[in-house]
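S.K.: Next comes the structure file start.txt, holding compact mmCIF, C-alpha atoms.
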# COMPACT_ATOMS: atom_id res chain seq x y z
CA MET A 264 -15.49 60.54 -74.31
CA ALA A 265 -11.93 61.64 -73.64
CA ALA A 266 -10.50 65.12 -73.80
CA ASN A 267 -7.11 66.67 -73.34
CA GLU A 268 -7.77 69.99 -71.64
CA ARG A 269 -5.78 72.98 -70.46
CA GLN A 270 -7.22 75.47 -67.99
CA VAL A 271 -6.15 79.09 -67.51
CA GLY A 272 -3.01 79.23 -65.40
CA GLN A 273 -2.37 75.52 -65.65
CA GLN A 274 0.98 74.53 -67.10
CA GLU A 275 0.41 70.89 -67.99
CA ASP A 276 -2.16 69.16 -70.15
CA TYR A 277 -4.27 66.50 -68.52
CA LEU A 278 -6.65 63.77 -69.55
CA VAL A 279 -10.39 63.67 -68.81
CA VAL A 280 -12.32 60.46 -69.49
CA VAL A 281 -16.10 60.32 -69.02
CA VAL A 282 -18.00 57.03 -69.33
CA PRO A 283 -21.79 57.35 -69.11
CA GLY A 284 -23.48 54.74 -66.91
CA GLU A 285 -26.44 52.61 -67.78
CA SER A 286 -29.81 54.35 -67.33
CA GLN A 287 -30.97 51.93 -64.61
CA ALA A 288 -27.91 52.85 -62.53
CA ASP A 289 -29.57 56.19 -61.61
CA LEU A 290 -26.21 57.93 -61.13
CA ASN A 291 -25.92 61.65 -60.33
CA GLU A 292 -22.68 61.69 -62.36
CA PRO A 293 -21.14 59.18 -64.78
CA LEU A 294 -17.83 57.42 -64.17
CA TRP A 295 -15.05 59.94 -64.76
CA ILE A 296 -11.27 59.90 -64.56
CA THR A 297 -8.91 62.88 -64.60
CA THR A 298 -5.14 63.18 -64.41
CA ASN A 299 -4.70 66.83 -63.44
CA ASP A 300 -2.75 68.16 -60.43
CA ASN A 301 -0.22 65.30 -60.69
CA GLU A 302 -2.74 62.73 -59.48
CA ILE A 303 -5.42 60.43 -60.78
CA THR A 304 -8.95 61.20 -59.60
CA VAL A 305 -11.78 58.73 -60.24
CA GLY A 306 -15.40 59.65 -59.57
CA ILE A 307 -18.82 58.09 -59.94
CA ASP A 308 -22.23 59.27 -58.78
CA SER A 309 -21.58 61.84 -56.01
CA TYR A 310 -18.26 60.38 -54.85
CA HIS A 311 -14.63 60.57 -55.95
CA LEU A 312 -11.22 59.25 -54.88
CA HIS A 313 -7.75 60.74 -55.31
CA PHE A 314 -4.83 58.44 -56.08
CA ASN A 315 -1.07 59.06 -55.63
CA GLU A 316 1.01 61.26 -57.90
CA TRP A 317 2.03 60.16 -61.38
CA PRO A 318 5.57 58.80 -61.70
CA LYS A 319 8.15 61.40 -62.74
CA SER A 320 8.87 59.65 -66.04
CA SER A 321 6.33 57.78 -68.14
CA PHE A 322 9.21 55.65 -69.45
CA ASP A 323 10.16 54.46 -65.96
CA SER A 324 10.31 50.64 -65.95
CA SER A 325 8.78 50.58 -62.48
CA VAL A 326 5.55 52.21 -63.71
CA HIS A 327 3.74 48.85 -63.48
CA GLU A 328 4.60 48.65 -59.78
CA TRP A 329 3.33 52.14 -59.00
CA ASP A 330 0.60 52.08 -56.33
CA GLY A 331 -1.49 55.04 -57.48
CA HIS A 332 -1.80 53.83 -61.05
CA ARG A 333 -2.60 50.24 -60.06
CA ALA A 334 -5.05 51.31 -57.33
CA ALA A 335 -6.94 53.61 -59.71
CA LEU A 336 -7.27 50.85 -62.30
CA ASP A 337 -8.33 48.34 -59.65
CA PHE A 338 -10.98 50.74 -58.37
CA VAL A 339 -12.40 51.37 -61.86
CA LYS A 340 -12.46 47.62 -62.53
CA SER A 341 -14.26 46.90 -59.24
CA VAL A 342 -16.87 49.57 -60.04
CA ILE A 343 -17.68 48.36 -63.56
CA GLU A 344 -17.76 44.72 -62.41
CA GLU A 345 -20.33 45.63 -59.71
CA GLU A 346 -17.92 44.62 -56.95
CA THR A 347 -17.96 48.10 -55.38
CA ALA A 348 -20.93 50.30 -54.49
CA ILE A 349 -20.95 54.00 -53.69
CA VAL A 350 -22.76 55.16 -50.56
CA THR A 351 -23.61 58.84 -50.18
CA VAL A 352 -25.27 60.60 -47.27
CA TRP A 353 -27.96 63.19 -47.98
CA ASN A 354 -29.25 65.59 -45.31
CA ASP A 355 -32.41 67.37 -46.44
CA GLY A 356 -31.46 66.81 -50.09
CA ARG A 357 -27.84 68.01 -49.73
CA ASN A 358 -24.88 65.69 -50.19
CA ALA A 359 -23.01 65.41 -46.89
CA GLY A 360 -20.30 62.99 -48.07
CA GLY A 361 -19.80 59.38 -48.96
CA TRP A 362 -17.64 56.28 -49.22
CA CYS A 363 -17.42 53.02 -51.14
CA GLU A 364 -18.34 49.53 -49.95
CA PRO A 365 -17.64 46.03 -51.27
CA ARG A 366 -20.58 44.28 -52.94
CA GLU A 367 -21.34 41.92 -50.03
CA ARG A 368 -21.49 44.72 -47.48
CA ALA A 369 -23.54 46.94 -49.77
CA LEU A 370 -26.12 44.16 -50.15
CA SER A 371 -26.45 43.69 -46.40
CA MET A 372 -26.58 47.36 -45.39
CA THR A 373 -29.30 48.54 -43.04
CA ILE A 374 -30.14 52.06 -41.95
CA GLU A 375 -28.56 51.26 -38.58
CA ASN A 376 -25.17 49.97 -39.76
CA VAL A 377 -24.83 52.59 -42.51
CA GLY A 378 -25.59 55.32 -39.97
CA LEU A 379 -22.94 53.93 -37.63
CA VAL A 380 -20.30 54.06 -40.37
CA ALA A 381 -21.25 57.66 -41.20
CA ARG A 382 -21.14 58.79 -37.58
CA ASN A 383 -18.28 56.75 -36.09
CA CYS A 384 -15.85 56.19 -38.96
CA LEU A 385 -16.37 59.27 -41.10
CA HIS A 386 -17.43 61.62 -38.30
CA MET A 387 -20.43 62.85 -40.28
CA PRO A 388 -22.95 64.60 -38.09
CA LEU A 389 -26.40 63.23 -38.78
CA PRO A 390 -29.11 65.56 -37.52
CA SER A 391 -31.95 63.57 -36.03
CA HIS A 392 -34.43 66.25 -34.98
CA PRO A 393 -37.93 66.30 -36.51
CA GLY A 394 -38.06 67.65 -40.04
CA VAL A 395 -34.50 66.60 -40.98
CA ASP A 396 -34.36 63.79 -43.49
CA ASN A 397 -31.22 61.62 -43.68
CA VAL A 398 -31.00 59.37 -46.73
CA PHE A 399 -28.20 56.95 -47.55
CA ARG A 400 -28.05 56.43 -51.30
CA VAL A 401 -26.36 53.21 -52.48
CA ARG A 402 -25.45 53.18 -56.18
CA SER A 403 -23.51 50.85 -58.47
CA TRP A 404 -22.38 50.96 -62.11
CA LYS A 405 -25.18 48.77 -63.50
CA GLY A 406 -27.69 49.51 -60.74
CA SER A 407 -27.86 45.99 -59.31
CA LEU A 408 -26.85 47.22 -55.82
CA ASN A 409 -28.98 50.37 -55.84
CA ARG A 410 -31.24 51.32 -52.97
CA ASP A 411 -32.02 54.26 -50.76
CA LEU A 412 -32.08 53.87 -46.99
CA GLY A 413 -33.89 56.67 -45.17
CA ASN A 414 -35.12 57.60 -41.71
CA ALA A 415 -37.95 55.12 -42.01
CA GLY A 416 -35.96 52.32 -43.70
CA VAL A 417 -35.78 51.72 -47.43
CA ALA A 418 -37.29 54.58 -49.41
CA VAL A 419 -40.16 53.58 -51.66
CA GLY A 420 -39.45 53.61 -55.39
CA GLY A 421 -35.86 54.74 -54.92
CA GLU A 422 -36.93 58.34 -54.25
CA LEU A 423 -34.87 60.58 -52.02
CA ARG A 424 -37.24 61.83 -49.34
Using structure tokens, write down the structure that the file contains.
M.R.:
Amino acid sequence: MAANERQVGQQEDYLVVVVPGESQADLNEPLWITTNDNEITVGIDSYHLHFNEWPKSSFDSSVHEWDGHRAALDFVKSVIEEETAIVTVWNDGRNAGGWCEPRERALSMTIENVGLVARNCLHMPLPSHPGVDNVFRVRSWKGSLNRDLGNAGVAVGGELR
């Protein structure tokens, strides 16, 4: 589904593209792409990325060399080809943030190395006192990389608990 929308106070039209995922992917949100605020934003599940501003002229011959445009397309391609997984951190059922990982790393993730990335690279505080449940949710476009890593290891049946 694609829509050209205009919001109150906004001066330019923008494009919204929504592509529903496959049911086995168990995504919180489908793949979506927007072009508002002079940038491309691509999201899937509970994660999104912002890419550089659009070129000033759509007729510019250098448009094919433009980093933001190319990077957004490359990211979408890697997601739908199952080469990129989305990892989100959930503290007591609330989304605390996330990142993307290449297929190989997503397949080899453990609760320990995923927790280290969250704490050391992304500076996400991970409460560890009794009663607080940290879950790392790994999701991919077709679901082949999906799993949930929790306090006690891999969550049973893919449930967040």
S.K.: Can you measure CA of Arg333 in chain A to CA of Val350 in chain A for me? One decimal in Å is fine.
M.R.: 22.8 Å
S.K.: Near range 289-304 of chain A, within 6 Å and counting all atoms listed in the file, which residues show up once chain neighbours fewer than 6 positions away are dropped, as a ChimeraX atom specification?
M.R.: /A:277-283,312-317
S.K.: Between A:Ala381, A:Asp411, A:Trp362, A:Trp404, which one has atoms that come closest to Ser286 in chain A, using all atoms listed in the file?
M.R.: A:Trp404
S.K.: One number please: CA of Thr347 in chain A to CA of Ser371 in chain A, in Å, one decimal.
M.R.: 13.1 Å
S.K.: Between CA of Val339 in chain A and CA of Gly413 in chain A, what is the spacing in Å?
M.R.: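 Result for CA of Gly413 in chain A versus CA of Val339 in chain A: 27.7 Å, one decimal.
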